[in-house]
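What follows is a short report on a single structure.
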Amino acid sequence: MTAATVDERAATAAAHPAPAPLLQARERAAAEGLPYAGGVTPHEAWALFSAGEAVLVDVRTSEERKFVGQVPGTVHVAWATGTAMTRNPRFVKELEARVGKDAVVLFLCRSGKRSALAAEAAAKAGFGSAFNVLEGFEGELNAAQQRRNSGGWVVSGLPWEQD
């Protein structure tokens with residue numbers, strides 16, 4: 001995604017009133033005491049992203065994006081790197097360089113856990129509309145320790161691609 005496209009999405013998101021899914025997410029977040037704006041489902045995230053009302057930031061590693069798949073047009077800012085999943089100490093600075101603090105930002109990871117941490121870090125850094133994409137790209141593990149069986153972006157049938 002080009003810087004101009006990210007800027008255009010951020011400007012569009014800032015210029016329009018919040019869509020209903022975001023208002024509902026904010027209400028749930030307040031009720032649950034979340035430190036960020038809230039969570040949205042994969043379908044809600046896709047609707048917001050494809051309408052230009054939000055920026056979708058994939059916080060998975062480069063390897064996950066390459067070998068597992070990714071949503072076309074997302075911004076990539078890794079929350080952690082390598083097989084040891086070492087926390088990226090530059091996460092907020094990299095995010096600020098790629099996405100304006102006024103943008104509606106939807107964070108996506110594998111299962112929704114790292115993206116929740118990313119949304120929290122973004123909110124603490126002054127991003128007023130930092131949302132977690134619930135269920136993540138692949139969803140939770142099932143009893144057989146496998147993903148892509150229930151929940152998540154892929155199981156929801158939303159657009160994605162793989163190198």
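Identifiers for the structure tokens are assigned positionally: chains receive A, B, ... in sequence, residues are indexed from 1 per chain, and ligands are indexed from 1 in the order shown.
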As a PDB file with N, CA and C atoms, in the first residue's frame, list the residues of range 15-163 of chain A assigned to strand (DSSP E) by DSSP on the backbone atoms of this structure.
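Written out: part_19.pdb:
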```pdb
ATOM      1  N   GLY A  38     -11.565  -0.823  21.053  1.00  0.00           N
ATOM      2  CA  GLY A  38     -12.466  -1.965  20.989  1.00  0.00           C
ATOM      3  C   GLY A  38     -12.072  -2.980  19.939  1.00  0.00           C
ATOM      4  N   GLY A  39     -12.947  -3.967  19.759  1.00  0.00           N
ATOM      5  CA  GLY A  39     -12.703  -5.028  18.804  1.00  0.00           C
ATOM      6  C   GLY A  39     -13.802  -5.103  17.763  1.00  0.00           C
ATOM      7  N   VAL A  40     -13.414  -5.475  16.549  1.00  0.00           N
ATOM      8  CA  VAL A  40     -14.370  -5.654  15.457  1.00  0.00           C
ATOM      9  C   VAL A  40     -14.180  -7.048  14.874  1.00  0.00           C
ATOM     10  N   VAL A  55      -7.737   1.907   8.145  1.00  0.00           N
ATOM     11  CA  VAL A  55      -6.476   1.339   7.687  1.00  0.00           C
ATOM     12  C   VAL A  55      -6.317   0.003   8.400  1.00  0.00           C
ATOM     13  N   LEU A  56      -5.998  -1.037   7.653  1.00  0.00           N
ATOM     14  CA  LEU A  56      -5.791  -2.363   8.229  1.00  0.00           C
ATOM     15  C   LEU A  56      -4.288  -2.586   8.376  1.00  0.00           C
ATOM     16  N   VAL A  57      -3.840  -2.766   9.614  1.00  0.00           N
ATOM     17  CA  VAL A  57      -2.420  -2.949   9.903  1.00  0.00           C
ATOM     18  C   VAL A  57      -2.199  -4.387  10.364  1.00  0.00           C
ATOM     19  N   ASP A  58      -1.420  -5.117   9.591  1.00  0.00           N
ATOM     20  CA  ASP A  58      -1.073  -6.500   9.907  1.00  0.00           C
ATOM     21  C   ASP A  58       0.167  -6.469  10.794  1.00  0.00           C
ATOM     22  N   VAL A  75      -1.197  -2.472   5.614  1.00  0.00           N
ATOM     23  CA  VAL A  75       0.070  -1.902   6.059  1.00  0.00           C
ATOM     24  C   VAL A  75       0.698  -2.952   6.966  1.00  0.00           C
ATOM     25  N   HIS A  76       2.000  -3.159   6.836  1.00  0.00           N
ATOM     26  CA  HIS A  76       2.674  -4.139   7.688  1.00  0.00           C
ATOM     27  C   HIS A  76       3.583  -3.427   8.675  1.00  0.00           C
ATOM     28  N   ALA A  80       6.209  -8.286  16.651  1.00  0.00           N
ATOM     29  CA  ALA A  80       7.356  -9.061  17.110  1.00  0.00           C
ATOM     30  C   ALA A  80       8.033  -9.665  15.887  1.00  0.00           C
ATOM     31  N   THR A  81       9.280 -10.116  16.066  1.00  0.00           N
ATOM     32  CA  THR A  81      10.026 -10.654  14.931  1.00  0.00           C
ATOM     33  C   THR A  81      10.699 -11.967  15.304  1.00  0.00           C
ATOM     34  N   THR A  86      10.451 -11.922  19.317  1.00  0.00           N
ATOM     35  CA  THR A  86      11.023 -10.812  20.076  1.00  0.00           C
ATOM     36  C   THR A  86      10.217  -9.566  19.790  1.00  0.00           C
ATOM     37  N   ARG A  87       9.743  -8.922  20.828  1.00  0.00           N
ATOM     38  CA  ARG A  87       8.928  -7.711  20.709  1.00  0.00           C
ATOM     39  C   ARG A  87       9.694  -6.645  19.948  1.00  0.00           C
ATOM     40  N   VAL A 104      -8.485   5.724  11.686  1.00  0.00           N
ATOM     41  CA  VAL A 104      -9.106   4.544  12.283  1.00  0.00           C
ATOM     42  C   VAL A 104      -8.198   3.391  11.892  1.00  0.00           C
ATOM     43  N   VAL A 105      -7.609   2.729  12.896  1.00  0.00           N
ATOM     44  CA  VAL A 105      -6.627   1.678  12.645  1.00  0.00           C
ATOM     45  C   VAL A 105      -7.157   0.356  13.182  1.00  0.00           C
ATOM     46  N   LEU A 106      -7.185  -0.635  12.306  1.00  0.00           N
ATOM     47  CA  LEU A 106      -7.626  -1.987  12.657  1.00  0.00           C
ATOM     48  C   LEU A 106      -6.398  -2.889  12.655  1.00  0.00           C
ATOM     49  N   PHE A 107      -6.081  -3.485  13.793  1.00  0.00           N
ATOM     50  CA  PHE A 107      -4.894  -4.327  13.912  1.00  0.00           C
ATOM     51  C   PHE A 107      -5.273  -5.793  13.744  1.00  0.00           C
ATOM     52  N   LEU A 108      -4.489  -6.505  12.922  1.00  0.00           N
ATOM     53  CA  LEU A 108      -4.739  -7.911  12.602  1.00  0.00           C
ATOM     54  C   LEU A 108      -3.496  -8.738  12.884  1.00  0.00           C
ATOM     55  N   SER A 129      -8.260   5.893  17.696  1.00  0.00           N
ATOM     56  CA  SER A 129      -9.166   4.897  17.100  1.00  0.00           C
ATOM     57  C   SER A 129      -8.395   3.636  16.750  1.00  0.00           C
ATOM     58  N   ALA A 130      -7.863   2.983  17.779  1.00  0.00           N
ATOM     59  CA  ALA A 130      -7.099   1.748  17.615  1.00  0.00           C
ATOM     60  C   ALA A 130      -8.004   0.573  17.977  1.00  0.00           C
ATOM     61  N   PHE A 131      -8.290  -0.281  16.994  1.00  0.00           N
ATOM     62  CA  PHE A 131      -9.207  -1.405  17.170  1.00  0.00           C
ATOM     63  C   PHE A 131      -8.500  -2.728  16.880  1.00  0.00           C
ATOM     64  N   ASN A 132      -8.900  -3.761  17.585  1.00  0.00           N
ATOM     65  CA  ASN A 132      -8.401  -5.104  17.378  1.00  0.00           C
ATOM     66  C   ASN A 132      -9.358  -5.851  16.454  1.00  0.00           C
ATOM     67  N   VAL A 133      -8.817  -6.589  15.485  1.00  0.00           N
ATOM     68  CA  VAL A 133      -9.651  -7.471  14.667  1.00  0.00           C
ATOM     69  C   VAL A 133      -9.742  -8.796  15.419  1.00  0.00           C
TER      70      VAL A 133
END
```
Taking the DSSP assignment computed from this structure's backbone, write out as an mmCIF file with N, CA and C atoms, in the first residue's frame all residues of range 2-141 of chain A that belong to alpha helix (DSSP H).
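Dumped to out.cif:
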```cif
data_model
loop_
_atom_site.group_PDB
_atom_site.id
_atom_site.type_symbol
_atom_site.label_atom_id
_atom_site.label_comp_id
_atom_site.auth_asym_id
_atom_site.auth_seq_id
_atom_site.Cartn_x
_atom_site.Cartn_y
_atom_site.Cartn_z
ATOM 1 N N ALA A 3 2.085 5.225 0.431
ATOM 2 C CA ALA A 3 1.872 6.227 1.482
ATOM 3 C C ALA A 3 0.664 7.091 1.154
ATOM 4 N N ALA A 4 0.461 7.407 -0.126
ATOM 5 C CA ALA A 4 -0.686 8.223 -0.517
ATOM 6 C C ALA A 4 -1.992 7.502 -0.196
ATOM 7 N N THR A 5 -2.044 6.202 -0.454
ATOM 8 C CA THR A 5 -3.259 5.445 -0.167
ATOM 9 C C THR A 5 -3.531 5.414 1.333
ATOM 10 N N VAL A 6 -2.490 5.202 2.144
ATOM 11 C CA VAL A 6 -2.653 5.215 3.594
ATOM 12 C C VAL A 6 -3.150 6.585 4.035
ATOM 13 N N ASP A 7 -2.546 7.649 3.506
ATOM 14 C CA ASP A 7 -2.965 9.004 3.857
ATOM 15 C C ASP A 7 -4.409 9.259 3.435
ATOM 16 N N GLU A 8 -4.792 8.781 2.246
ATOM 17 C CA GLU A 8 -6.165 8.962 1.770
ATOM 18 C C GLU A 8 -7.152 8.242 2.682
ATOM 19 N N ARG A 9 -6.838 7.002 3.073
ATOM 20 C CA ARG A 9 -7.713 6.252 3.975
ATOM 21 C C ARG A 9 -7.816 6.951 5.327
ATOM 22 N N ALA A 10 -6.698 7.444 5.827
ATOM 23 C CA ALA A 10 -6.704 8.135 7.121
ATOM 24 C C ALA A 10 -7.540 9.402 7.050
ATOM 25 N N ALA A 11 -7.417 10.160 5.951
ATOM 26 C CA ALA A 11 -8.196 11.392 5.792
ATOM 27 C C ALA A 11 -9.687 11.081 5.674
ATOM 28 N N THR A 12 -10.014 10.049 4.923
ATOM 29 C CA THR A 12 -11.419 9.652 4.783
ATOM 30 C C THR A 12 -11.992 9.243 6.132
ATOM 31 N N ALA A 13 -11.234 8.441 6.868
ATOM 32 C CA ALA A 13 -11.706 7.968 8.170
ATOM 33 C C ALA A 13 -11.888 9.125 9.145
ATOM 34 N N ALA A 14 -10.989 10.103 9.113
ATOM 35 C CA ALA A 14 -11.072 11.227 10.041
ATOM 36 C C ALA A 14 -12.199 12.189 9.687
ATOM 37 N N ALA A 15 -12.583 12.254 8.410
ATOM 38 C CA ALA A 15 -13.564 13.234 7.952
ATOM 39 C C ALA A 15 -15.011 12.780 8.107
ATOM 40 N N ALA A 20 -21.396 2.471 12.554
ATOM 41 C CA ALA A 20 -22.033 1.758 13.661
ATOM 42 C C ALA A 20 -21.145 0.684 14.290
ATOM 43 N N PRO A 21 -20.433 -0.146 13.499
ATOM 44 C CA PRO A 21 -19.606 -1.175 14.152
ATOM 45 C C PRO A 21 -18.548 -0.579 15.084
ATOM 46 N N LEU A 22 -18.023 0.585 14.724
ATOM 47 C CA LEU A 22 -17.012 1.211 15.576
ATOM 48 C C LEU A 22 -17.631 1.792 16.839
ATOM 49 N N LEU A 23 -18.811 2.359 16.704
ATOM 50 C CA LEU A 23 -19.507 2.877 17.887
ATOM 51 C C LEU A 23 -19.830 1.732 18.848
ATOM 52 N N GLN A 24 -20.312 0.617 18.306
ATOM 53 C CA GLN A 24 -20.622 -0.548 19.139
ATOM 54 C C GLN A 24 -19.357 -1.108 19.783
ATOM 55 N N ALA A 25 -18.268 -1.136 19.022
ATOM 56 C CA ALA A 25 -17.002 -1.629 19.566
ATOM 57 C C ALA A 25 -16.525 -0.740 20.710
ATOM 58 N N ARG A 26 -16.678 0.568 20.555
ATOM 59 C CA ARG A 26 -16.282 1.494 21.622
ATOM 60 C C ARG A 26 -17.130 1.278 22.880
ATOM 61 N N GLU A 27 -18.429 1.039 22.690
ATOM 62 C CA GLU A 27 -19.310 0.794 23.841
ATOM 63 C C GLU A 27 -18.909 -0.482 24.576
ATOM 64 N N ARG A 28 -18.642 -1.548 23.821
ATOM 65 C CA ARG A 28 -18.209 -2.808 24.442
ATOM 66 C C ARG A 28 -16.871 -2.629 25.153
ATOM 67 N N ALA A 29 -15.959 -1.889 24.533
ATOM 68 C CA ALA A 29 -14.638 -1.661 25.135
ATOM 69 C C ALA A 29 -14.763 -0.904 26.448
ATOM 70 N N ALA A 30 -15.625 0.097 26.464
ATOM 71 C CA ALA A 30 -15.837 0.863 27.700
ATOM 72 C C ALA A 30 -16.421 -0.030 28.784
ATOM 73 N N ALA A 31 -17.391 -0.857 28.418
ATOM 74 C CA ALA A 31 -18.025 -1.753 29.390
ATOM 75 C C ALA A 31 -17.037 -2.790 29.926
ATOM 76 N N GLU A 32 -16.110 -3.229 29.064
ATOM 77 C CA GLU A 32 -15.133 -4.249 29.457
ATOM 78 C C GLU A 32 -13.867 -3.646 30.051
ATOM 79 N N PRO A 42 -13.946 -9.920 11.828
ATOM 80 C CA PRO A 42 -13.304 -9.871 10.517
ATOM 81 C C PRO A 42 -14.212 -9.256 9.437
ATOM 82 N N HIS A 43 -15.503 -9.601 9.433
ATOM 83 C CA HIS A 43 -16.416 -9.039 8.429
ATOM 84 C C HIS A 43 -16.556 -7.526 8.592
ATOM 85 N N GLU A 44 -16.656 -7.055 9.832
ATOM 86 C CA GLU A 44 -16.734 -5.611 10.068
ATOM 87 C C GLU A 44 -15.444 -4.929 9.624
ATOM 88 N N ALA A 45 -14.312 -5.551 9.929
ATOM 89 C CA ALA A 45 -13.017 -4.992 9.522
ATOM 90 C C ALA A 45 -12.930 -4.881 7.999
ATOM 91 N N TRP A 46 -13.348 -5.940 7.298
ATOM 92 C CA TRP A 46 -13.297 -5.912 5.839
ATOM 93 C C TRP A 46 -14.198 -4.811 5.280
ATOM 94 N N ALA A 47 -15.394 -4.679 5.828
ATOM 95 C CA ALA A 47 -16.327 -3.642 5.359
ATOM 96 C C ALA A 47 -15.730 -2.254 5.564
ATOM 97 N N LEU A 48 -15.151 -2.009 6.716
ATOM 98 C CA LEU A 48 -14.544 -0.698 7.006
ATOM 99 C C LEU A 48 -13.328 -0.443 6.110
ATOM 100 N N PHE A 49 -12.468 -1.448 5.992
ATOM 101 C CA PHE A 49 -11.253 -1.330 5.183
ATOM 102 C C PHE A 49 -11.585 -1.146 3.705
ATOM 103 N N SER A 50 -12.467 -1.971 3.175
ATOM 104 C CA SER A 50 -12.776 -1.908 1.741
ATOM 105 C C SER A 50 -13.540 -0.636 1.373
ATOM 106 N N SER A 62 6.941 -10.916 9.071
ATOM 107 C CA SER A 62 7.057 -10.984 7.614
ATOM 108 C C SER A 62 6.917 -12.422 7.135
ATOM 109 N N GLU A 63 7.473 -13.356 7.913
ATOM 110 C CA GLU A 63 7.402 -14.769 7.550
ATOM 111 C C GLU A 63 5.957 -15.268 7.563
ATOM 112 N N GLU A 64 5.185 -14.875 8.562
ATOM 113 C CA GLU A 64 3.778 -15.282 8.617
ATOM 114 C C GLU A 64 3.028 -14.769 7.395
ATOM 115 N N ARG A 65 3.263 -13.518 7.064
ATOM 116 C CA ARG A 65 2.575 -12.941 5.913
ATOM 117 C C ARG A 65 2.942 -13.681 4.633
ATOM 118 N N LYS A 66 4.223 -13.999 4.476
ATOM 119 C CA LYS A 66 4.675 -14.654 3.255
ATOM 120 C C LYS A 66 4.184 -16.097 3.158
ATOM 121 N N PHE A 67 4.323 -16.859 4.222
ATOM 122 C CA PHE A 67 4.048 -18.291 4.154
ATOM 123 C C PHE A 67 2.638 -18.689 4.552
ATOM 124 N N VAL A 68 1.932 -17.844 5.315
ATOM 125 C CA VAL A 68 0.576 -18.165 5.753
ATOM 126 C C VAL A 68 -0.455 -17.433 4.911
ATOM 127 N N PHE A 91 7.943 -0.553 17.364
ATOM 128 C CA PHE A 91 6.588 -0.722 16.831
ATOM 129 C C PHE A 91 5.839 0.605 16.718
ATOM 130 N N VAL A 92 5.752 1.360 17.785
ATOM 131 C CA VAL A 92 4.967 2.600 17.773
ATOM 132 C C VAL A 92 5.571 3.607 16.810
ATOM 133 N N LYS A 93 6.886 3.735 16.799
ATOM 134 C CA LYS A 93 7.531 4.686 15.871
ATOM 135 C C LYS A 93 7.275 4.284 14.422
ATOM 136 N N GLU A 94 7.358 2.992 14.123
ATOM 137 C CA GLU A 94 7.086 2.520 12.765
ATOM 138 C C GLU A 94 5.623 2.750 12.400
ATOM 139 N N LEU A 95 4.739 2.509 13.348
ATOM 140 C CA LEU A 95 3.312 2.736 13.115
ATOM 141 C C LEU A 95 3.057 4.219 12.835
ATOM 142 N N GLU A 96 3.629 5.093 13.642
ATOM 143 C CA GLU A 96 3.453 6.532 13.447
ATOM 144 C C GLU A 96 3.960 6.982 12.083
ATOM 145 N N ALA A 97 5.043 6.365 11.611
ATOM 146 C CA ALA A 97 5.606 6.723 10.305
ATOM 147 C C ALA A 97 4.717 6.270 9.154
ATOM 148 N N ARG A 98 3.918 5.227 9.369
ATOM 149 C CA ARG A 98 3.092 4.657 8.308
ATOM 150 C C ARG A 98 1.642 5.103 8.351
ATOM 151 N N LYS A 113 -4.589 -11.933 19.523
ATOM 152 C CA LYS A 113 -3.905 -11.639 20.779
ATOM 153 C C LYS A 113 -2.830 -10.562 20.609
ATOM 154 N N ARG A 114 -1.906 -10.755 19.669
ATOM 155 C CA ARG A 114 -0.876 -9.725 19.426
ATOM 156 C C ARG A 114 -1.513 -8.431 18.950
ATOM 157 N N SER A 115 -2.574 -8.544 18.148
ATOM 158 C CA SER A 115 -3.226 -7.331 17.647
ATOM 159 C C SER A 115 -3.887 -6.554 18.777
ATOM 160 N N ALA A 116 -4.365 -7.243 19.813
ATOM 161 C CA ALA A 116 -4.915 -6.550 20.985
ATOM 162 C C ALA A 116 -3.799 -5.795 21.705
ATOM 163 N N LEU A 117 -2.636 -6.409 21.833
ATOM 164 C CA LEU A 117 -1.487 -5.729 22.447
ATOM 165 C C LEU A 117 -1.049 -4.531 21.610
ATOM 166 N N ALA A 118 -1.087 -4.689 20.285
ATOM 167 C CA ALA A 118 -0.723 -3.597 19.389
ATOM 168 C C ALA A 118 -1.718 -2.447 19.512
ATOM 169 N N ALA A 119 -3.001 -2.769 19.586
ATOM 170 C CA ALA A 119 -4.026 -1.735 19.748
ATOM 171 C C ALA A 119 -3.832 -0.998 21.064
ATOM 172 N N GLU A 120 -3.494 -1.731 22.105
ATOM 173 C CA GLU A 120 -3.243 -1.101 23.407
ATOM 174 C C GLU A 120 -2.035 -0.167 23.339
ATOM 175 N N ALA A 121 -0.945 -0.630 22.730
ATOM 176 C CA ALA A 121 0.250 0.207 22.605
ATOM 177 C C ALA A 121 -0.045 1.456 21.776
ATOM 178 N N ALA A 122 -0.808 1.287 20.705
ATOM 179 C CA ALA A 122 -1.163 2.426 19.859
ATOM 180 C C ALA A 122 -2.019 3.430 20.633
ATOM 181 N N ALA A 123 -2.989 2.927 21.379
ATOM 182 C CA ALA A 123 -3.851 3.809 22.166
ATOM 183 C C ALA A 123 -3.034 4.588 23.189
ATOM 184 N N LYS A 124 -2.108 3.923 23.846
ATOM 185 C CA LYS A 124 -1.241 4.595 24.829
ATOM 186 C C LYS A 124 -0.355 5.643 24.172
#
```
